[in-house]
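Peer 1: upload.cif (mmCIF, C-alpha atoms) pasted underneath:
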```cif
data_coords
loop_
_atom_site.label_atom_id
_atom_site.label_comp_id
_atom_site.auth_asym_id
_atom_site.auth_seq_id
_atom_site.Cartn_x
_atom_site.Cartn_y
_atom_site.Cartn_z
CA MET A 1 25.28 17.77 19.12
CA ILE A 2 24.17 20.71 17.00
CA GLU A 3 22.04 19.80 14.02
CA PRO A 4 23.26 21.29 10.73
CA LEU A 5 21.08 24.28 9.87
CA SER A 6 20.23 23.02 6.40
CA GLN A 7 18.45 20.02 7.91
CA ASN A 8 15.65 22.34 8.92
CA ALA A 9 14.82 22.98 5.28
CA LEU A 10 11.53 21.41 4.24
CA PRO A 11 12.22 18.27 2.23
CA VAL A 12 11.19 18.05 -1.40
CA MET A 13 8.18 15.70 -1.56
CA ILE A 14 8.62 12.95 -4.11
CA GLY A 15 5.18 11.67 -5.18
CA ILE A 16 4.50 8.36 -6.91
CA GLY A 17 6.50 8.20 -10.16
CA GLU A 18 8.40 11.42 -9.39
CA TYR A 19 12.11 11.96 -8.87
CA HIS A 20 14.45 14.72 -7.78
CA VAL A 21 18.16 15.40 -8.11
CA GLY A 22 20.11 17.82 -5.92
CA SER A 23 21.48 18.46 -2.46
CA THR A 24 18.33 19.38 -0.51
CA PRO A 25 16.54 16.82 1.67
CA MET A 26 13.96 14.70 -0.15
CA MET A 27 11.12 12.59 1.14
CA ALA A 28 8.74 9.90 -0.08
CA ILE A 29 5.82 9.33 2.29
CA GLY A 30 3.76 6.20 2.91
CA LEU A 31 5.50 3.65 0.72
CA GLY A 32 3.56 0.39 0.60
CA SER A 33 4.51 -1.79 -2.33
CA CYS A 34 6.30 1.23 -3.82
CA ILE A 35 10.07 1.67 -3.53
CA GLY A 36 11.90 4.75 -2.32
CA LEU A 37 15.30 4.57 -4.01
CA THR A 38 18.17 6.91 -3.14
CA ILE A 39 21.55 7.37 -4.80
CA TYR A 40 24.15 9.52 -3.06
CA ASP A 41 27.39 10.73 -4.60
CA ARG A 42 30.07 10.77 -1.87
CA GLU A 43 32.35 12.93 -3.99
CA HIS A 44 29.99 15.78 -4.93
CA HIS A 45 27.61 15.50 -1.96
CA ILE A 46 24.53 15.44 -4.15
CA GLY A 47 21.96 12.76 -4.66
CA ALA A 48 18.85 11.57 -6.42
CA MET A 49 15.66 9.99 -5.18
CA VAL A 50 12.77 8.32 -7.01
CA HIS A 51 9.40 6.87 -5.94
CA ILE A 52 8.89 3.70 -8.00
CA MET A 53 5.46 2.05 -8.28
CA LEU A 54 5.78 -0.84 -10.74
CA PRO A 55 8.58 -3.12 -11.94
CA ASP A 56 8.23 -2.82 -15.72
CA SER A 57 7.47 0.07 -18.06
CA SER A 58 6.58 -2.26 -20.96
CA GLY A 59 7.84 0.39 -23.36
CA ARG A 60 6.07 3.38 -21.79
CA SER A 61 8.26 6.47 -21.56
CA ASP A 62 6.03 9.29 -20.28
CA ARG A 63 6.69 8.62 -16.57
CA PRO A 64 10.12 7.05 -16.32
CA GLY A 65 10.20 7.45 -12.52
CA LYS A 66 7.18 5.20 -12.11
CA TYR A 67 8.89 1.98 -13.21
CA ALA A 68 11.97 0.23 -11.81
CA ASP A 69 13.41 -0.61 -15.25
CA THR A 70 13.35 3.03 -16.41
CA ALA A 71 13.83 4.83 -13.08
CA VAL A 72 17.26 3.39 -12.31
CA PRO A 73 18.91 4.38 -15.65
CA LEU A 74 17.15 7.75 -15.40
CA LEU A 75 18.78 8.57 -12.05
CA LEU A 76 22.16 7.19 -13.09
CA ASN A 77 22.12 9.32 -16.25
CA LYS A 78 21.11 12.46 -14.37
CA LEU A 79 23.95 11.94 -11.91
CA THR A 80 26.61 11.10 -14.49
CA ASP A 81 25.51 14.17 -16.51
CA MET A 82 26.35 16.19 -13.42
CA GLY A 83 29.81 14.67 -13.35
CA CYS A 84 29.23 11.90 -10.85
CA ASN A 85 31.41 8.82 -10.91
CA LYS A 86 29.80 5.38 -10.72
CA ALA A 87 32.40 4.31 -8.17
CA SER A 88 31.37 6.96 -5.65
CA LEU A 89 27.64 6.25 -5.69
CA VAL A 90 25.91 4.91 -2.58
CA VAL A 91 22.59 3.21 -3.34
CA LYS A 92 19.88 2.49 -0.76
CA MET A 93 16.25 1.43 -1.04
CA ALA A 94 13.20 0.94 1.18
CA GLY A 95 9.57 -0.09 0.69
CA GLY A 96 8.38 -3.03 -1.39
CA ALA A 97 5.94 -4.26 1.25
CA CYS A 98 2.91 -6.49 0.76
CA MET A 99 0.07 -4.85 2.69
CA PHE A 100 -2.84 -6.86 1.28
CA GLU A 101 -2.17 -10.57 0.99
CA TYR A 102 -5.64 -11.47 -0.21
CA PHE A 103 -6.03 -9.09 -3.12
CA GLY A 104 -4.44 -8.75 -6.51
CA ASN A 105 -4.03 -12.42 -7.46
CA ASN A 106 -0.91 -12.76 -5.30
CA LEU A 107 0.92 -10.35 -7.58
CA ASN A 108 3.24 -9.27 -4.77
CA ILE A 109 4.21 -6.13 -6.61
CA GLY A 110 6.39 -4.97 -3.72
CA GLU A 111 8.69 -7.94 -3.99
CA ARG A 112 8.82 -7.70 -7.78
CA ASN A 113 9.68 -4.01 -7.55
CA ALA A 114 12.61 -4.74 -5.25
CA GLU A 115 13.83 -7.62 -7.41
CA LYS A 116 13.74 -5.47 -10.52
CA VAL A 117 15.70 -2.67 -8.85
CA ARG A 118 18.35 -5.20 -7.75
CA ALA A 119 18.53 -6.70 -11.24
CA VAL A 120 18.99 -3.34 -12.96
CA PHE A 121 21.76 -2.29 -10.57
CA ALA A 122 23.42 -5.67 -11.05
CA ASP A 123 23.42 -4.97 -14.81
CA HIS A 124 25.18 -1.69 -14.10
CA ARG A 125 27.57 -3.42 -11.70
CA ILE A 126 26.58 -1.17 -8.83
CA ARG A 127 26.09 -2.57 -5.35
CA ILE A 128 23.06 -1.67 -3.21
CA VAL A 129 24.62 -0.94 0.18
CA ALA A 130 21.45 -0.92 2.28
CA GLU A 131 17.88 -1.98 1.85
CA GLU A 132 14.85 -2.31 4.05
CA VAL A 133 12.20 -3.96 1.95
CA GLY A 134 9.30 -6.39 2.26
CA GLY A 135 7.12 -7.23 5.23
CA LYS A 136 3.61 -5.88 5.62
CA ILE A 137 4.33 -2.36 6.79
CA GLY A 138 4.21 1.12 5.29
CA ARG A 139 7.34 3.28 5.37
CA THR A 140 8.22 6.95 4.98
CA VAL A 141 11.75 7.55 3.69
CA THR A 142 13.78 10.74 4.02
CA PHE A 143 17.08 11.33 2.23
CA TYR A 144 19.66 13.96 3.25
CA PRO A 145 22.28 14.49 0.52
CA ASN A 146 23.40 17.52 2.55
CA ASP A 147 24.15 15.32 5.56
CA GLY A 148 26.41 12.65 4.16
CA GLY A 149 23.61 10.98 2.22
CA LYS A 150 21.83 9.88 5.38
CA VAL A 151 18.64 7.87 4.78
CA THR A 152 16.02 7.43 7.49
CA VAL A 153 13.02 5.11 7.47
CA ARG A 154 9.95 5.64 9.63
CA SER A 155 7.03 3.25 10.07
CA ALA A 156 3.48 3.87 11.28
CA ASP A 157 4.39 3.36 14.94
CA GLY A 158 6.55 6.48 14.65
CA ALA A 159 10.03 5.00 15.07
CA ALA A 160 12.53 6.47 12.59
CA HIS A 161 15.93 4.88 12.09
CA GLU A 162 18.85 5.21 9.75
CA ILE A 163 19.61 2.56 7.16
CA MET B 164 -20.79 14.63 -13.22
CA ASP B 165 -23.94 15.60 -11.26
CA ALA B 166 -25.32 12.11 -11.76
CA MET B 167 -22.02 10.62 -10.58
CA GLN B 168 -22.21 12.82 -7.50
CA GLU B 169 -25.70 11.49 -6.86
CA LEU B 170 -24.41 7.93 -7.15
CA GLY B 171 -21.82 8.61 -4.43
CA ASN B 172 -24.44 10.45 -2.39
CA ILE B 173 -26.89 7.55 -2.33
CA GLY B 174 -24.19 5.05 -1.42
CA ALA B 175 -22.72 7.18 1.34
CA ALA B 176 -26.14 8.09 2.78
CA HIS B 177 -26.97 4.41 3.21
CA ALA B 178 -23.57 3.73 4.75
CA ALA B 179 -24.11 6.66 7.15
CA THR B 180 -27.49 5.27 8.18
CA THR B 181 -26.05 1.87 9.03
CA LEU B 182 -23.19 3.46 10.99
CA SER B 183 -25.71 5.53 12.91
CA GLN B 184 -27.72 2.39 13.74
CA MET B 185 -24.63 0.54 14.94
CA LEU B 186 -23.62 3.44 17.18
CA SER B 187 -27.17 4.32 18.22
CA SER B 188 -26.28 7.96 17.74
CA PRO B 189 -26.55 10.52 14.94
CA VAL B 190 -23.98 10.39 12.14
CA GLU B 191 -23.47 13.36 9.84
CA MET B 192 -22.02 13.19 6.38
CA SER B 193 -20.17 15.71 4.23
CA VAL B 194 -21.11 16.53 0.66
CA PRO B 195 -19.79 13.55 -1.33
CA LYS B 196 -16.83 14.50 -3.49
CA ILE B 197 -15.53 12.98 -6.68
CA LYS B 198 -11.82 13.63 -6.84
CA VAL B 199 -9.66 12.96 -9.86
CA VAL B 200 -6.17 12.63 -8.43
CA ASP B 201 -2.90 12.26 -10.31
CA ILE B 202 -1.00 9.45 -8.59
CA SER B 203 1.99 11.75 -8.01
CA GLN B 204 -0.31 13.98 -5.91
CA LEU B 205 -1.89 11.20 -3.84
CA GLY B 206 0.19 12.34 -0.85
CA SER B 207 -1.58 15.70 -0.74
CA HIS B 208 -4.92 13.91 -0.30
CA ILE B 209 -3.94 10.99 1.91
CA GLY B 210 -0.99 11.26 4.28
CA ASP B 211 1.20 8.78 6.12
CA GLU B 212 -0.74 9.05 9.38
CA SER B 213 -1.73 5.81 11.05
CA ALA B 214 -5.24 4.73 10.18
CA ALA B 215 -7.41 1.64 9.95
CA LEU B 216 -8.62 0.74 6.48
CA VAL B 217 -11.15 -1.97 5.78
CA VAL B 218 -10.82 -2.77 2.09
CA PHE B 219 -13.10 -4.69 -0.28
CA GLU B 220 -12.65 -5.47 -3.90
CA LEU B 221 -15.68 -4.63 -6.05
CA GLN B 222 -16.95 -7.86 -7.58
CA GLY B 223 -20.08 -8.99 -9.37
CA GLU B 224 -20.85 -8.34 -13.02
CA ILE B 225 -17.39 -6.88 -13.40
CA ALA B 226 -14.97 -9.31 -11.73
CA HIS B 227 -12.35 -6.73 -10.72
CA GLY B 228 -14.19 -3.44 -10.50
CA GLY B 229 -11.90 -1.57 -8.15
CA TYR B 230 -12.14 -1.05 -4.40
CA ILE B 231 -14.35 0.31 -1.71
CA LEU B 232 -12.78 1.25 1.59
CA PHE B 233 -13.78 2.37 5.04
CA TYR B 234 -11.08 4.69 6.31
CA ILE B 235 -10.86 5.72 9.95
CA SER B 236 -8.03 7.41 11.84
CA ARG B 237 -6.45 5.32 14.56
CA LYS B 238 -7.85 7.58 17.26
CA SER B 239 -11.37 7.48 15.85
CA ALA B 240 -11.09 3.70 15.46
CA VAL B 241 -10.57 3.36 19.22
CA HIS B 242 -13.53 5.67 19.90
CA LEU B 243 -15.66 3.60 17.53
CA THR B 244 -14.83 0.21 18.99
CA ASN B 245 -15.00 1.58 22.55
CA SER B 246 -18.57 2.64 21.94
CA MET B 247 -19.39 -0.74 20.40
CA LEU B 248 -17.65 -2.86 23.02
CA GLY B 249 -18.66 -0.73 26.01
CA LEU B 250 -15.10 0.34 26.85
CA THR B 251 -13.89 3.78 27.87
CA ASP B 252 -10.08 4.14 27.65
CA PRO B 253 -9.42 6.35 24.58
CA ASP B 254 -5.64 5.74 24.61
CA ARG B 255 -5.53 1.96 24.58
CA ALA B 256 -3.91 -0.11 21.82
CA LEU B 257 -6.10 -1.83 19.24
CA ASN B 258 -6.44 -5.59 19.76
CA GLU B 259 -8.10 -8.54 18.04
CA MET B 260 -11.53 -7.63 19.37
CA ASP B 261 -11.18 -4.19 17.81
CA GLU B 262 -10.07 -5.70 14.54
CA SER B 263 -13.17 -7.91 14.32
CA ALA B 264 -15.37 -4.97 15.26
CA LEU B 265 -13.77 -2.79 12.56
CA LEU B 266 -14.14 -5.55 9.97
CA GLU B 267 -17.79 -5.91 10.91
CA VAL B 268 -18.50 -2.18 10.69
CA GLY B 269 -16.67 -1.96 7.36
CA ASN B 270 -18.56 -4.96 6.06
CA ILE B 271 -21.98 -3.59 6.91
CA MET B 272 -21.17 -0.13 5.55
CA ALA B 273 -19.65 -1.34 2.29
CA SER B 274 -22.64 -3.62 1.73
CA ALA B 275 -25.06 -0.75 2.37
CA PHE B 276 -23.14 1.50 -0.01
CA LEU B 277 -23.03 -1.09 -2.78
CA ASP B 278 -26.65 -2.23 -2.34
CA ALA B 279 -27.86 1.33 -2.75
CA THR B 280 -25.73 2.12 -5.80
CA ALA B 281 -26.52 -1.25 -7.39
CA GLU B 282 -30.22 -0.59 -7.01
CA LEU B 283 -29.89 2.80 -8.71
CA LEU B 284 -27.81 1.43 -11.57
CA GLY B 285 -29.60 -1.90 -11.97
CA PHE B 286 -26.19 -3.48 -11.84
CA VAL B 287 -24.83 -5.98 -9.34
CA MET B 288 -21.78 -4.98 -7.29
CA LEU B 289 -20.70 -7.22 -4.44
CA PRO B 290 -17.97 -6.69 -1.88
CA SER B 291 -15.20 -9.29 -1.66
CA PRO B 292 -14.27 -10.59 1.80
CA PRO B 293 -12.70 -7.67 3.68
CA SER B 294 -9.06 -7.06 4.38
CA LEU B 295 -8.03 -4.86 7.30
CA THR B 296 -4.82 -2.92 7.65
CA ILE B 297 -3.85 -0.57 10.46
CA ASP B 298 -0.90 1.33 9.08
CA MET B 299 0.05 4.40 7.03
CA ALA B 300 -3.01 5.37 4.97
CA HIS B 301 -0.96 6.43 1.94
CA ALA B 302 0.94 3.15 1.92
CA ALA B 303 -2.30 1.16 1.85
CA MET B 304 -3.88 3.27 -0.90
CA GLN B 305 -0.69 3.19 -2.94
CA SER B 306 -0.55 -0.60 -2.72
CA LEU B 307 -4.13 -0.89 -4.00
CA ILE B 308 -3.45 1.48 -6.91
CA ALA B 309 -0.32 -0.47 -7.90
CA GLN B 310 -2.31 -3.69 -8.19
CA MET B 311 -5.26 -2.36 -10.17
CA GLN B 312 -6.00 -4.33 -13.32
CA GLU B 313 -5.75 -1.39 -15.66
CA GLU B 314 -2.65 0.68 -15.24
CA ILE B 315 -3.49 4.29 -14.52
CA ASP B 316 -1.89 7.68 -13.91
CA GLU B 317 -5.00 9.14 -12.29
CA VAL B 318 -7.42 7.68 -9.79
CA VAL B 319 -11.05 8.65 -9.32
CA LEU B 320 -12.12 8.72 -5.69
CA PHE B 321 -15.76 8.88 -4.57
CA SER B 322 -15.12 10.16 -1.10
CA THR B 323 -17.53 11.08 1.71
CA GLU B 324 -16.71 12.00 5.26
CA LEU B 325 -18.88 10.50 8.00
CA PHE B 326 -18.66 11.85 11.50
CA CYS B 327 -20.31 11.23 14.82
CA GLU B 328 -19.94 14.09 17.27
CA GLU B 329 -21.13 12.17 20.30
CA HIS B 330 -18.36 9.56 20.07
CA LYS B 331 -15.75 11.81 18.38
CA ILE B 332 -15.55 9.59 15.33
CA ASP B 333 -14.31 10.89 11.99
CA SER B 334 -14.20 8.47 9.08
CA ASP B 335 -14.43 8.30 5.30
CA ILE B 336 -16.04 5.91 2.89
CA ILE B 337 -14.13 5.85 -0.37
CA MET B 338 -14.88 4.07 -3.62
CA MET B 339 -12.03 3.76 -6.11
CA PRO B 340 -13.36 2.16 -9.32
CA GLU B 341 -11.29 0.66 -12.09
CA THR B 342 -11.62 2.36 -15.49
CA SER B 343 -13.96 -0.40 -16.74
CA MET B 344 -16.26 0.10 -13.75
CA LEU B 345 -16.19 3.87 -14.15
CA ASN B 346 -17.19 3.53 -17.81
CA THR B 347 -20.06 1.26 -16.78
CA PHE B 348 -21.23 3.89 -14.27
CA VAL B 349 -21.23 6.57 -16.96
CA GLU B 350 -23.07 4.35 -19.43
CA ARG B 351 -25.74 3.30 -16.93
CA LEU B 352 -26.28 6.82 -15.67
CA GLU B 353 -26.66 8.15 -19.21
CA ASN B 354 -29.26 5.49 -19.96
CA LEU B 355 -31.12 6.35 -16.76
CA MET B 356 -31.22 10.01 -17.71
CA LYS B 357 -32.41 9.26 -21.21
CA ALA B 358 -35.16 7.06 -19.79
CA SER B 359 -36.44 9.71 -17.40
#
```
For the structure just supplied, provide its representation as structure tokens.

Peer 2:
Amino acid sequence: MIEPLSQNALPVMIGIGEYHVGSTPMMAIGLGSCIGLTIYDREHHIGAMVHIMLPDSSGRSDRPGKYADTAVPLLLNKLTDMGCNKASLVVKMAGGACMFEYFGNNLNIGERNAEKVRAVFADHRIRIVAEEVGGKIGRTVTFYPNDGGKVTVRSADGAAHEI
Amino acid sequence: MDAMQELGNIGAAHAATTLSQMLSSPVEMSVPKIKVVDISQLGSHIGDESAALVVFELQGEIAHGGYILFYISRKSAVHLTNSMLGLTDPDRALNEMDESALLEVGNIMASAFLDATAELLGFVMLPSPPSLTIDMAHAAMQSLIAQMQEEIDEVVLFSTELFCEEHKIDSDIIMMPETSMLNTFVERLENLMKAS
């Protein structure tokens, strides 16, 4: 099989709290308790990705991509502004691990991040079609809006797979 | 900032000495750096390569003062434990024996670092029991930043590279204080300078 040429393009790196909208590949490396969230529009073949760190913004608005409660509406608005239809959106997420059980007063931020993302999408009546969250492992997520919205997840042992 | 650099220097120098004693070979250290890193740029400082991190919470006079971590690439971790356990295969997988050895090394180094800085500052900092993870370095650091007491957009890293040529070991000792701890450092250092 011949790989599509555009897959060779360097992915846009999405750092903690950052997001990107477009058709080029995007990547969030080393997610621990953070969430890599991707939304793909089947109709327009574009997508959006965000690297969420915490569940709640508590009213802060300077970094909307950092929090689950503000990041989800942010991406949905960006996509609908570009003419995307809610019905053609494919949502996937990965991350939300708990790498240190003994620190942080059992906050389990990873799990709370994932729960918040689910709750916000439920409010918008949008289904999350695939998720790979929890556990104790770090994950690197790559999103290919130019290749049917493919999402791959890689862990530290090097194995990458599609979700 | 110079005084802060000195604080990191003293801590790292003591950690380097203990590492050298454990390995019975010379350990060199880089110039300690204080990096102020926006969280969105953490990935350009710490990647998703597999590494062992021994992590301690900073406790003592400030209950949650941040973290101190001993960071060592997976490859170097094998070299380190091989030299401690008298093994030779550089390509073997890490097992429970290695994990206890890494915890022990981390423990001794973090204690040395904190003893030295505490003495300089006249301020007690104690390491919590250690936690070890062997996984993507960025994922571990990110998880620690997410659970810091004070929410931040920038982290301050006191980072020093320690390397041992003889055993091909490359590691880092990194202190990542909470804002309250950082303020205490500044205050104490200012008082020290006024006194001298």

Peer 1: Can you list, as number ranges by chain, the residues that the PyMOL selection byres ((chain A) within 9 of (chain B)) selects here?

Peer 2: A: 13-18, 28-34, 53-54, 97-105, 107-110, 137-140, 155-157

Peer 1: Quick one: residues within 9 Å of B:Asp278, all atoms listed in the file, excluding same-chain residues fewer than 2 positions away - as a ChimeraX atom specification?

Peer 2: /B:174,177,273-276,280-283,287-289

Peer 1: Here's a test: counting only C-alpha atoms, identify every protein, DNA and RNA residue with an atom at most 7 Å from (4.4, -0.8, -13.6) in the file's coordinate frame, and state them as a ChimeraX atom specification.

Peer 2: /A:53-57,66-67

Peer 1: Do you know which residues the PyMOL selection byres ((chain B and resi 187) around 12) returns on this file, as a ChimeraX atom specification?

Peer 2: /B:179-186,188-190,243,246-247,327,329-330

Peer 1: Which residue gives the smallest distance to B:Ser343 among B:Glu169, B:Asp254, B:Glu259, B:Glu224, with only C-alpha atoms counted?

Peer 2: B:Glu224

Peer 1: Find the smallest box with edges along x, y and z containing every listed atom of stretch 19-27 of chain A, then add 8 Å on each side and report centre and edge lengths in Å to one decimal, as lines of an AutoDock Vina configuration file.

Peer 2:
```
center_x = 16.3
center_y = 15.7
center_z = -3.6
size_x = 26.4
size_y = 23.4
size_z = 26.5
```

Peer 1: Using the chain letters and numbers from the file, give me the residues hit by the PyMOL selection byres ((chain A and resi 23) around 8), as a PyMOL selection string.

Peer 2: chain A and resi 21-22+24-25+45-47+144-146

Peer 1: Take atom CA of A:Ala130 and atom CA of A:Ala48 and report the distance between them in Å, one decimal.

Peer 2: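 Atom CA of A:Ala130 sits 15.4 Å away from atom CA of A:Ala48.
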
Peer 1: Looking at only C-alpha atoms, which of A:Asp123, A:Glu162, A:Glu131, A:Glu43 is the one that sits closest to A:Gly83?

Peer 2: A:Glu43

Peer 1: Fewer than 4 positions away in the same chain doesn't count, so skip those; otherwise give me all residues within 8 Å of A:Leu75, counting all atoms listed in the file, as a ChimeraX atom specification.

Peer 2: /A:21,39,48-50,71,79

Peer 1: Can you work out the spacing between atom CA of A:Gly158 and atom CA of B:Tyr234 in Å, to one decimal?

Peer 2: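 About the pair atom CA of A:Gly158 and atom CA of B:Tyr234: they are 19.6 Å apart.
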
Peer 1: Which one is closest to A:Ala87: A:His20, A:Arg154, A:Arg125, A:Arg118? Count only C-alpha atoms.

Peer 2: A:Arg125

Peer 1: Rounded to one decimal in Å, what is the spacing between atom CA of B:Ala264 and atom CA of B:Thr323?

Peer 2: 21.1 Å
